[in-house]
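Undergrad: Quick one: the structure is below, questions incoming.
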Amino acid sequence: MTKQSFDNIIVIGRGGCGKSELIDFLKKTPEAERLQKFHVGPFAEIDDFPWIHTMLKDEDIWEKLGRPRVLGERIGNTYRTKDYRMYDFTLLKFNVAISENYMSDPEFYKKNTLFIEFARGREHAYKHAFSLLDKEILKRSAVFYLDNTFEESLRRNTSRATDKDTKQTILHHKVPVEVMEYLYKDHDWYELTDKRPSGYVEAQGLKIPFVTVWNMPETTEHNALAERYTKPFETLWELYAGNNK
């Protein structure tokens, strides 16, 4: 039987758009329903936030050894990035990690989906990001872009500044406002897609299926989220399946 689920779904959008919440919603959806409605069965996820946060935390140790901070500076319980090349570093690290942990396993893609999650902006945005991701990864990928207003992203990001912020996690991690303003306010997604709600974006000579989803208003109500995401996933699957005949 032909596989009825995606191989890779690249989940992107500015910080605070709801990427991690989307994946959390899918985790809480029964597997049979998830496969039928969203073409996602068992899945794994890979997100570059933990890598970035770990690199910035490691500099705390280097600083104690008398070495200067290079990548970022500490602000309370989080960090402000200084060297934005680390975002290119993590894209290249995606290539290594996905190749070694998933693509090298002939069994993984027989029934599983891999979610690849990141956010980019300015000159570091999505055209540039797709130029750095391995072509073999892109061949097996579809893109799910979540959008909201920058003001809403800031609000959601600020709402993460709770006691949970003392332990940065996938669902509860706060990006400093300065980084939000600098890195995520402006991006090239609508230039890359010609403002189409769905279709294909071109990268490295490939046509990669995509959908753009307006992820407002914020809600955690499961049925409301199911209604919001079902049609976009159906559209993305039609594009993806057509691209892989």
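Chain identifiers are assigned as A, B, and so on, following the order in which chains appear in the structure tokens; residues are numbered from 1 within each chain, and ligands are numbered from 1 in order of appearance.
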What are the closest atom pairs, with distances in Å to one decimal, for each residue of stretch 105-217 of chain A lying within 12 Å of stretch 229-237 of chain A, using only C-alpha atoms, rows by chain and rising residue number, as JSON lines?
TA:
```
{"residue": "A:Ser141", "atom": "CA", "partner": "A:Leu236", "partner_atom": "CA", "distance": 10.6}
{"residue": "A:Ala142", "atom": "CA", "partner": "A:Leu236", "partner_atom": "CA", "distance": 7.2}
{"residue": "A:Val143", "atom": "CA", "partner": "A:Leu236", "partner_atom": "CA", "distance": 8.1}
{"residue": "A:Phe144", "atom": "CA", "partner": "A:Leu236", "partner_atom": "CA", "distance": 7.9}
{"residue": "A:Tyr145", "atom": "CA", "partner": "A:Pro232", "partner_atom": "CA", "distance": 10.1}
{"residue": "A:Leu146", "atom": "CA", "partner": "A:Tyr229", "partner_atom": "CA", "distance": 10.3}
{"residue": "A:Pro197", "atom": "CA", "partner": "A:Pro232", "partner_atom": "CA", "distance": 9.3}
{"residue": "A:Ser198", "atom": "CA", "partner": "A:Leu236", "partner_atom": "CA", "distance": 7.6}
{"residue": "A:Gly199", "atom": "CA", "partner": "A:Leu236", "partner_atom": "CA", "distance": 8.2}
{"residue": "A:Tyr200", "atom": "CA", "partner": "A:Leu236", "partner_atom": "CA", "distance": 9.8}
{"residue": "A:Ile208", "atom": "CA", "partner": "A:Leu236", "partner_atom": "CA", "distance": 10.3}
{"residue": "A:Pro209", "atom": "CA", "partner": "A:Leu236", "partner_atom": "CA", "distance": 6.6}
{"residue": "A:Phe210", "atom": "CA", "partner": "A:Leu236", "partner_atom": "CA", "distance": 6.2}
{"residue": "A:Val211", "atom": "CA", "partner": "A:Leu236", "partner_atom": "CA", "distance": 6.0}
{"residue": "A:Thr212", "atom": "CA", "partner": "A:Pro232", "partner_atom": "CA", "distance": 7.8}
{"residue": "A:Val213", "atom": "CA", "partner": "A:Pro232", "partner_atom": "CA", "distance": 7.0}
{"residue": "A:Trp214", "atom": "CA", "partner": "A:Tyr229", "partner_atom": "CA", "distance": 9.8}
{"residue": "A:Asn215", "atom": "CA", "partner": "A:Tyr229", "partner_atom": "CA", "distance": 9.1}
{"residue": "A:Met216", "atom": "CA", "partner": "A:Tyr229", "partner_atom": "CA", "distance": 11.6}
```
Undergrad: I want to know what sits within 10 Å of A:Gln204, based on only C-alpha atoms, with residues of the same chain fewer than 3 positions away left out; could you give that as an NGL selection string?
TA: :A and (127 or 130-135 or 138-139 or 207-208)
Undergrad: Taking into account only C-alpha atoms, which residue in the set A:Lys27, A:Arg69, A:Arg156, A:Arg14 is nearest to A:Tyr126?
TA: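 The closest residue to A:Tyr126 is A:Arg14.
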Undergrad: Using only C-alpha atoms, which residues of stretch 12-55 of chain A come within 10 Å of stretch 70-81 of chain A, and what is the closest atom pair for each, with the distance in Å to one decimal? Give it as JSON lines, sorted by chain and residue number.
TA:
```
{"residue": "A:Ile52", "atom": "CA", "partner": "A:Thr81", "partner_atom": "CA", "distance": 9.3}
{"residue": "A:His53", "atom": "CA", "partner": "A:Tyr79", "partner_atom": "CA", "distance": 8.0}
{"residue": "A:Met55", "atom": "CA", "partner": "A:Leu71", "partner_atom": "CA", "distance": 7.8}
```
Undergrad: Write out as a VMD selection string the residues lying within 10 Å of A:Glu123, counting only C-alpha atoms and excluding same-chain residues fewer than 2 positions away.
TA: chain A and resid 120 to 121 125 to 129 183 186 to 188
Undergrad: With DSSP run on the backbone, what are the strand (DSSP E) residues within stretch 7-236 of chain A? I'd like them as a VMD selection string.
TA: chain A and resid 8 to 12 43 to 47 72 to 75 78 to 81 113 to 118 141 to 147 198 to 203 206 to 214
Undergrad: Just checking: using only C-alpha atoms, which residue out of A:Ile12, A:Ala97, A:Leu239, A:Met103 ends up closest to A:Trp189?
TA: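 Under the stated criterion, the closest residue is A:Ile12.
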Undergrad: Could you name the residues that touch A:Phe150 at 9 Å or less, counting only C-alpha atoms, but leaving out those on the same chain fewer than 6 positions away, as number ranges by chain?
TA: A: 14, 16-17, 180-181, 184-186
Undergrad: Those selected residues, please, written with C-alpha atoms and delivered as a compact mmCIF listing (two decimals), in the first residue's frame.
TA:
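again08.txt written:
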```
# COMPACT_ATOMS: atom_id res chain seq x y z
CA ARG A 14 8.06 33.80 13.14
CA GLY A 16 5.31 33.17 18.69
CA CYS A 17 3.20 32.10 15.69
CA MET A 180 11.99 39.42 17.89
CA GLU A 181 12.22 42.95 16.51
CA TYR A 184 11.49 37.98 13.05
CA LYS A 185 9.56 41.16 12.28
CA ASP A 186 10.44 41.13 8.59
```
Undergrad: Between atom CA of A:Arg122 and atom CA of A:Glu191, what is the spacing in Å?
TA: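 About the pair atom CA of A:Glu191 and atom CA of A:Arg122: they are 12.1 Å apart.
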Undergrad: Any chance you could list, as a ChimeraX atom specification, the residues in stretch 3-215 of chain A that come up helix (DSSP H, G or I) when DSSP is run on the backbone?
TA: /A:19-27,31-38,49-64,85-103,108-111,122-124,126-132,135-139,150-159,163-166,177-184,189-192
Undergrad: Do a neighbour search on A:His222 at 9 Å with only C-alpha atoms, toss out local chain neighbours closer than 5 positions, and write the hits as JSON, numbers by chain.
TA: {"A": [25, 28, 29, 227]}
Undergrad: Between atom CA of A:Ser5 and atom CA of A:Glu202, what is the spacing in Å?
TA: 22.1 Å
Undergrad: Measuring atom to atom with only C-alpha atoms, identify which of A:Asp48, A:Asp7, A:Glu31, A:Glu221 is nearest to A:Leu91.
TA: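 When distances to A:Leu91 are compared using only C-alpha atoms, the smallest one comes from A:Asp48.
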Undergrad: Which value, in Å to one decimal, gives the distance between atom CA of A:Leu92 and atom CA of A:Gly41?
TA: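 Atom CA of A:Gly41 lies 26.8 Å from atom CA of A:Leu92.
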